[in-house]
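> Structure supplied as query-v3.txt; contents: compact mmCIF, C-alpha atoms.
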```
# COMPACT_ATOMS: atom_id res chain seq x y z
CA MET C 1 0.00 0.00 0.00
CA THR C 2 1.50 3.26 -1.06
CA ILE C 3 1.23 6.22 1.16
CA GLY C 4 1.23 9.65 -0.70
CA LYS C 5 2.83 12.90 0.47
CA SER C 6 0.60 15.24 2.27
CA PRO C 7 0.61 18.89 1.14
CA LEU C 8 0.56 20.03 4.74
CA GLY C 9 3.62 18.03 5.47
CA ASP C 10 5.43 19.80 2.65
CA ASN C 11 4.37 23.14 4.03
CA ARG C 12 5.63 22.29 7.46
CA ARG C 13 8.92 21.24 6.04
CA SER C 14 9.20 24.44 4.06
CA ASP C 15 8.57 26.46 7.16
CA THR C 16 11.31 24.72 9.05
CA ALA C 17 14.39 26.86 9.00
CA ALA C 18 17.57 25.41 7.84
CA PRO C 19 20.30 25.08 10.37
CA GLY C 20 22.23 28.32 10.79
CA SER C 21 19.69 30.46 8.95
CA ALA C 22 17.60 33.23 10.50
CA PRO C 23 14.20 32.21 11.67
CA THR C 24 11.38 33.24 9.38
CA MET C 25 7.73 33.83 10.07
CA SER C 26 4.99 32.28 8.17
CA GLY C 27 2.74 34.46 6.01
CA SER C 28 -0.09 34.50 8.50
CA SER C 29 2.18 35.50 11.41
CA ALA C 30 3.83 38.32 9.44
CA ILE C 31 0.50 39.77 8.51
CA GLY C 32 -0.72 39.69 12.07
CA ARG C 33 2.27 41.66 13.40
CA ARG C 34 2.75 44.30 10.59
CA ARG C 35 2.98 48.03 11.79
CA PRO C 36 0.13 50.17 10.44
CA PRO C 37 1.11 52.79 7.79
CA VAL C 38 1.63 56.49 8.89
CA PRO C 39 -0.98 58.88 7.40
CA ALA C 40 0.34 61.52 5.06
CA SER C 41 -1.34 64.32 7.05
CA PHE C 42 0.22 63.33 10.33
CA GLN C 43 2.02 66.20 12.15
CA PRO C 44 3.99 65.93 15.36
CA PRO C 45 2.50 67.68 18.39
CA ALA C 46 3.18 71.42 18.81
CA GLU C 47 5.13 70.84 21.99
CA ALA C 48 7.72 68.94 20.00
CA VAL C 49 8.61 72.02 17.73
CA PRO C 50 10.76 74.61 19.58
CA ALA C 51 9.20 78.17 19.36
CA ALA C 52 11.36 81.01 17.93
CA ALA C 53 12.29 83.77 20.41
CA PRO C 54 10.26 87.00 19.79
CA LEU C 55 12.17 90.00 18.41
CA PRO C 56 12.64 92.89 20.85
CA THR C 57 10.42 95.90 20.23
CA ILE C 58 11.67 99.25 18.95
CA GLY C 59 11.38 100.78 22.39
CA ARG C 60 13.23 97.87 24.00
CA ILE C 61 16.04 98.18 21.45
CA LEU C 62 16.45 101.90 22.12
CA ALA C 63 16.29 101.46 25.89
CA SER C 64 18.87 98.63 25.83
CA ALA C 65 21.20 100.65 23.59
CA ARG C 66 20.90 103.67 25.90
CA ILE C 67 21.69 101.56 28.96
CA ASP C 68 24.64 99.88 27.20
CA ALA C 69 25.99 103.35 26.32
CA ALA C 70 25.68 104.41 30.00
CA LEU C 71 23.37 107.30 29.10
CA THR C 72 20.45 108.69 31.08
CA VAL C 73 17.11 109.73 29.67
CA ASP C 74 17.92 113.37 30.52
CA GLN C 75 21.12 113.17 28.48
CA VAL C 76 19.27 111.70 25.51
CA SER C 77 16.60 114.40 25.80
CA SER C 78 19.16 117.22 25.92
CA ALA C 79 21.09 115.90 22.92
CA THR C 80 18.10 115.11 20.70
CA ARG C 81 15.73 117.92 21.83
CA VAL C 82 13.05 115.26 22.50
CA ARG C 83 11.25 115.90 25.78
CA VAL C 84 11.87 113.48 28.65
CA PRO C 85 8.26 112.18 28.84
CA ILE C 86 8.32 111.39 25.11
CA VAL C 87 11.64 109.50 25.46
CA HIS C 88 10.12 107.39 28.25
CA ALA C 89 6.99 106.76 26.16
CA ILE C 90 8.98 105.67 23.09
CA GLU C 91 11.05 103.24 25.17
CA GLU C 92 7.72 101.76 26.32
CA ASP C 93 6.50 101.61 22.67
CA ASP C 94 3.90 104.30 23.30
CA TYR C 95 3.92 106.72 20.36
CA SER C 96 0.72 108.59 21.22
CA ARG C 97 2.71 111.46 22.78
CA CYS C 98 4.74 112.08 19.61
CA GLY C 99 2.00 114.03 17.86
CA GLY C 100 1.70 111.78 14.81
CA ASP C 101 3.69 109.34 12.68
CA PHE C 102 5.77 112.09 11.08
CA TYR C 103 7.16 113.26 14.42
CA ALA C 104 7.43 109.69 15.78
CA ARG C 105 9.77 108.75 12.91
CA GLY C 106 11.91 111.81 13.56
CA HIS C 107 12.13 111.04 17.30
CA ILE C 108 13.05 107.40 16.69
CA ARG C 109 15.73 108.33 14.16
CA ALA C 110 17.24 111.03 16.44
CA ILE C 111 17.33 108.81 19.55
CA ALA C 112 18.73 105.84 17.61
CA ARG C 113 21.51 107.97 16.10
CA TYR C 114 22.52 109.23 19.55
CA VAL C 115 22.55 105.82 21.30
CA GLY C 116 24.36 104.13 18.39
CA VAL C 117 21.56 102.14 16.71
CA ASP C 118 20.61 102.01 13.03
CA GLY C 119 17.79 104.56 12.96
CA ASP C 120 16.74 103.86 9.36
CA ALA C 121 16.15 100.20 10.16
CA LEU C 122 14.03 101.09 13.18
CA VAL C 123 12.03 103.64 11.17
CA ALA C 124 11.41 101.02 8.46
CA ARG C 125 10.21 98.62 11.13
CA TYR C 126 7.97 101.31 12.58
CA ASP C 127 6.45 101.92 9.14
CA ALA C 128 5.83 98.20 8.71
CA GLU C 129 4.07 98.04 12.07
CA HIS C 130 2.07 101.27 11.66
CA GLY C 131 0.76 101.31 8.12
CA GLY C 132 3.69 101.88 5.80
CA ALA C 133 6.03 104.73 4.90
CA PRO C 134 4.64 108.27 4.59
CA SER C 135 4.01 109.95 1.26
CA SER C 136 6.35 112.72 0.11
CA ALA C 137 3.64 115.38 0.50
CA ARG C 138 2.90 114.64 4.16
CA PRO C 139 5.38 117.13 5.72
CA ALA C 140 4.09 119.91 3.48
CA GLN C 141 0.51 119.06 4.46
CA ILE C 142 1.42 119.19 8.14
CA PHE C 143 3.05 122.60 7.88
CA GLU C 144 0.23 123.88 5.67
CA ALA C 145 -2.31 122.81 8.28
CA GLU C 146 -0.25 124.53 10.96
CA ARG C 147 -0.19 127.73 8.89
CA ILE C 148 -3.97 127.61 8.38
CA ARG C 149 -4.51 127.14 12.11
CA THR C 150 -2.30 130.15 12.78
CA GLU C 151 -4.21 132.33 10.31
CA ARG C 152 -7.55 131.41 11.86
CA ARG C 153 -6.69 132.70 15.30
CA ARG C 154 -9.18 135.12 16.71
CA PRO C 155 -8.14 138.80 16.79
CA ASN C 156 -6.82 140.18 20.05
CA TRP C 157 -9.72 142.43 21.01
CA THR C 158 -8.20 143.19 24.42
CA ALA C 159 -5.15 144.88 22.90
CA ALA C 160 -7.38 146.82 20.49
CA MET C 161 -9.59 148.07 23.33
CA VAL C 162 -6.57 149.15 25.39
CA ALA C 163 -5.14 151.04 22.41
CA ALA C 164 -8.49 152.78 21.82
CA ILE C 165 -8.77 153.80 25.48
CA VAL C 166 -5.23 155.20 25.46
CA ALA C 167 -6.00 157.19 22.30
CA VAL C 168 -9.19 158.65 23.82
CA VAL C 169 -7.41 159.64 27.03
CA ALA C 170 -4.60 161.28 25.05
CA LEU C 171 -7.11 163.20 22.94
CA ILE C 172 -8.98 164.46 26.02
CA GLY C 173 -5.73 165.54 27.66
CA PHE C 174 -4.64 167.37 24.52
CA ASN C 175 -7.96 169.21 24.29
CA LEU C 176 -7.80 170.22 27.95
CA ALA C 177 -4.25 171.48 27.58
CA SER C 178 -5.10 173.40 24.42
CA GLY C 179 -8.13 175.03 26.04
CA ARG C 180 -6.15 176.02 29.11
CA GLY C 181 -3.38 177.52 26.99
CA ALA C 182 -5.85 179.45 24.81
CA GLY C 183 -7.62 180.86 27.87
CA HIS C 184 -4.32 181.97 29.38
CA ALA C 185 -3.30 183.64 26.12
CA GLU C 186 -6.58 185.56 25.90
CA LYS C 187 -6.22 186.66 29.53
CA VAL C 188 -2.70 187.92 28.93
CA ALA C 189 -3.71 189.69 25.73
CA SER C 190 -6.71 191.38 27.37
CA THR C 191 -4.48 193.09 29.94
CA PRO C 192 -2.75 196.02 28.26
CA LEU C 193 0.85 196.51 29.16
CA PRO C 194 1.61 199.80 30.93
CA SER C 195 3.27 202.39 28.79
CA ARG C 196 6.86 202.84 29.83
CA LYS C 197 7.24 206.60 29.68
CA ALA C 198 10.01 208.63 31.23
CA SER C 199 9.02 209.59 34.77
CA ALA C 200 11.69 212.22 35.21
CA PRO C 201 11.91 215.45 33.18
CA VAL C 202 14.60 215.64 30.58
CA THR C 203 17.36 218.01 31.57
CA VAL C 204 18.72 220.17 28.78
CA ARG C 205 22.44 219.81 28.51
CA PRO C 206 24.99 221.43 26.21
CA THR C 207 25.50 218.15 24.44
CA PRO C 208 23.23 217.24 21.52
CA PRO C 209 19.93 215.82 22.74
CA ALA C 210 19.46 212.08 22.46
CA THR C 211 16.90 210.72 20.02
CA PRO C 212 13.60 210.01 21.83
CA ARG C 213 12.58 206.38 22.01
CA THR C 214 9.25 207.15 20.36
CA GLU C 215 11.05 207.95 17.14
CA SER C 216 11.24 204.68 15.23
CA PRO C 217 10.79 203.43 11.72
CA ILE C 218 7.12 202.74 12.50
CA ALA C 219 6.37 206.12 14.11
CA ALA C 220 4.02 206.94 11.25
CA ALA C 221 2.21 203.58 11.23
CA PRO C 222 -1.25 203.67 9.57
CA ALA C 223 -4.18 203.84 11.99
CA ASP C 224 -6.28 201.18 10.21
CA ARG C 225 -3.67 198.45 10.64
CA VAL C 226 -1.67 196.96 13.48
CA THR C 227 2.08 197.22 13.13
CA VAL C 228 4.52 195.52 15.54
CA LYS C 229 8.29 195.78 15.48
CA LEU C 230 10.53 193.52 17.59
CA VAL C 231 14.18 194.40 18.29
CA ALA C 232 16.49 191.94 20.08
CA GLN C 233 18.66 194.25 22.22
CA ASN C 234 19.74 192.38 25.36
CA GLY C 235 20.12 188.82 24.08
CA ASP C 236 18.45 186.19 21.93
CA SER C 237 14.80 185.15 22.14
CA TRP C 238 12.56 182.60 20.44
CA VAL C 239 9.73 184.44 18.65
CA SER C 240 6.46 183.26 17.10
CA ALA C 241 4.23 185.71 15.19
CA ILE C 242 0.79 184.73 13.79
CA ASP C 243 -1.61 186.97 11.85
CA SER C 244 -5.42 187.18 12.08
CA GLN C 245 -5.86 184.39 9.49
CA GLY C 246 -3.75 181.93 11.51
CA ASN C 247 -0.76 182.17 9.20
CA THR C 248 2.68 181.92 10.77
CA LEU C 249 4.65 185.09 9.95
CA PHE C 250 7.78 184.23 11.91
CA GLN C 251 8.83 181.30 14.10
CA LYS C 252 12.48 180.98 15.09
CA ASN C 253 15.18 182.57 17.24
CA LEU C 254 15.68 186.33 16.98
CA GLN C 255 19.37 186.93 17.46
CA SER C 256 20.71 189.89 19.43
CA GLY C 257 20.83 192.99 17.18
CA GLU C 258 18.21 191.66 14.74
CA ASP C 259 14.69 193.05 14.29
CA GLN C 260 11.42 191.97 12.67
CA THR C 261 8.35 194.00 11.70
CA PHE C 262 4.85 192.52 11.29
CA THR C 263 1.60 194.14 10.09
CA ASP C 264 -2.00 192.96 9.70
CA PRO C 265 -5.42 194.62 9.20
CA ARG C 266 -6.92 193.06 12.36
CA LYS C 267 -4.60 191.29 14.81
CA ILE C 268 -1.10 189.98 15.48
CA ARG C 269 -0.37 187.34 18.14
CA LEU C 270 3.12 186.98 19.62
CA VAL C 271 4.88 184.38 21.76
CA LEU C 272 8.25 185.49 23.16
CA GLY C 273 10.56 182.98 24.84
CA ASN C 274 12.78 185.61 26.53
CA ALA C 275 10.68 188.72 27.07
CA GLY C 276 13.51 190.76 28.62
CA ALA C 277 15.62 190.54 25.47
CA VAL C 278 12.92 191.89 23.09
CA HIS C 279 12.11 195.61 22.70
CA LEU C 280 8.54 196.33 21.50
CA TYR C 281 7.28 199.00 19.12
CA VAL C 282 3.49 198.79 18.58
CA ASN C 283 1.61 201.10 16.22
CA GLY C 284 4.40 203.68 16.35
CA LYS C 285 4.74 203.62 20.16
CA ASP C 286 7.76 202.46 22.10
CA LEU C 287 6.63 199.97 24.78
CA GLY C 288 10.12 199.02 25.95
CA PRO C 289 11.08 195.45 26.92
CA ALA C 290 8.27 192.90 26.59
CA GLY C 291 8.84 191.58 30.12
CA PRO C 292 11.41 190.30 32.61
CA ASP C 293 14.46 188.37 31.47
CA GLY C 294 13.81 184.66 30.83
CA GLN C 295 10.01 184.95 31.03
CA VAL C 296 7.73 183.54 28.33
CA VAL C 297 4.93 185.95 27.38
CA ARG C 298 2.01 185.77 24.96
CA LEU C 299 0.79 189.05 23.50
CA THR C 300 -2.02 190.07 21.12
CA TYR C 301 -2.24 193.51 19.46
CA THR C 302 -4.92 195.16 17.32
CA PRO C 303 -4.93 198.48 15.35
CA GLY C 304 -6.07 200.46 18.44
CA ASP C 305 -3.31 199.17 20.80
CA PRO C 306 -1.86 200.45 22.98
CA GLU C 307 -4.46 202.87 24.32
CA ALA C 308 -3.28 206.47 24.67
CA ALA C 309 -2.41 207.41 28.26
```
Can the structure in the file be given as structure tokens, please?

Amino acid sequence: MTIGKSPLGDNRRSDTAAPGSAPTMSGSSAIGRRRPPVPASFQPPAEAVPAAAPLPTIGRILASARIDAALTVDQVSSATRVRVPIVHAIEEDDYSRCGGDFYARGHIRAIARYVGVDGDALVARYDAEHGGAPSSARPAQIFEAERIRTERRRPNWTAAMVAAIVAVVALIGFNLASGRGAGHAEKVASTPLPSRKASAPVTVRPTPPATPRTESPIAAAPADRVTVKLVAQNGDSWVSAIDSQGNTLFQKNLQSGEDQTFTDPRKIRLVLGNAGAVHLYVNGKDLGPAGPDGQVVRLTYTPGDPEAA
């Protein structure tokens, strides 16, 4: 009786490892222990990836550079003309006190240059963090707005009112002074000066008689006009002569030895700065000196002056 080979027996023999060879697993065992495939979308957990260190802020960079340079905030403020509170605010990344992006860029660049940091790089970073670089027309717009604000200031009414009050007070004072001077002049003119006639009789002497004082170039003055002659005999005197129409006939110094004659149909007004130095002849009559030495007198004469004694 012939016994045939069993297929299972062949399989068992094929699974038996040869001496010295590495053990092998059957097909069913290998399939049971195979590692599952890794999905393509698999990512390692976030804790496994090391996080990058954050970059220091602009304010931190400036503050660190200032400290490394052994500088104080007051020194930085004095050198850059940036006020101390603004320097503190920039180092804390607070740019609200700068007055706008235009001024913030200028402050950052000035502080960075002084503490030894690249200011252009920090300004570029500031632009990237705050909306980009400014346009070329922005500085002009800022200054134009400042000029418009200046032109729209309200007028200073207080100064105008003070100036108006001062002008009114000055005008009132001038009018009072003019009225007082005019009244004094009329009072002086209304009082006729006494005629200076010789009180003692003239003694006849062998010598030739002296020429009487009443004889003058205006002794035959017309009766319908007023004629005044001034002769500076004892010094100089300032003289002002005005006719009835208000016209100035003479207004300057009358030197010693000089004379002036004035005539008018109605009236002549005189102001003499040194009455004692001026000799008066009015309507052909010798009135002598106009007054004491150094005295200022105001005189007014008409065709009937002086009255006959």
> Figure out the distance between CA of Pro292 in chain C and CA of Ser178 in chain C, please, to one decimal in Å.
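Separation of CA of Ser178 in chain C and CA of Pro292 in chain C: 25.0 Å.
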> So which one's closest to Pro265 in chain C, C:Gly106, C:Pro222, C:Gly119, C:Pro56? Using all atoms listed in the file, please.
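Among the listed residues, the smallest separation from Pro265 in chain C belongs to C:Pro222.
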> Quick one: residues within 7 Å of Gln251 in chain C, all atoms listed in the file, excluding same-chain residues fewer than 6 positions away - as a ChimeraX atom specification?
/C:239-241
> Have a look at CA of Gln260 in chain C and CA of Thr302 in chain C and let me know their distance in Å, one decimal.
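Between these atoms lies a distance of 17.3 Å.
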> Tell me, in Å to one decimal, how far CA of Ala160 in chain C is from CA of Gly173 in chain C.
20.1 Å
> For Thr261 in chain C, which residue among C:Gly284, C:Gly179, C:Pro85, C:Gly100 is the nearest when counting only C-alpha atoms?
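Nearest to Thr261 in chain C: C:Gly284.
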> Determine the nearest neighbour of Asp224 in chain C from the options C:Ala63, C:His107, C:Gly246, C:Thr263, counting all atoms listed in the file.
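Selected residue with least distance to Asp224 in chain C: C:Thr263.
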> Each side padded by 3 Å, which centre and which edge lengths in Å (one decimal) define the axis-aligned box around the listed atoms of range 247-253 of chain C? Give them as JSON.

```
{"center_x": 7.2, "center_y": 183.0, "center_z": 13.2, "size_x": 21.9, "size_y": 10.1, "size_z": 14.0}
```
> Tell me, as a PyMOL selection string, which residues lie within 12 Å of Arg225 in chain C, counting only C-alpha atoms; anything in the same chain fewer than 3 positions away does not count.
chain C and resi 218+220-222+228+243-244+262-268+282-284+301-305
> Give the answer as one residue: which of C:Asp101, C:Asp286, C:Asp293, C:Asp120 has the shortest atom-to-atom distance to Thr227 in chain C, using all atoms listed in the file?
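So, comparing all the options, the nearest one is C:Asp286.
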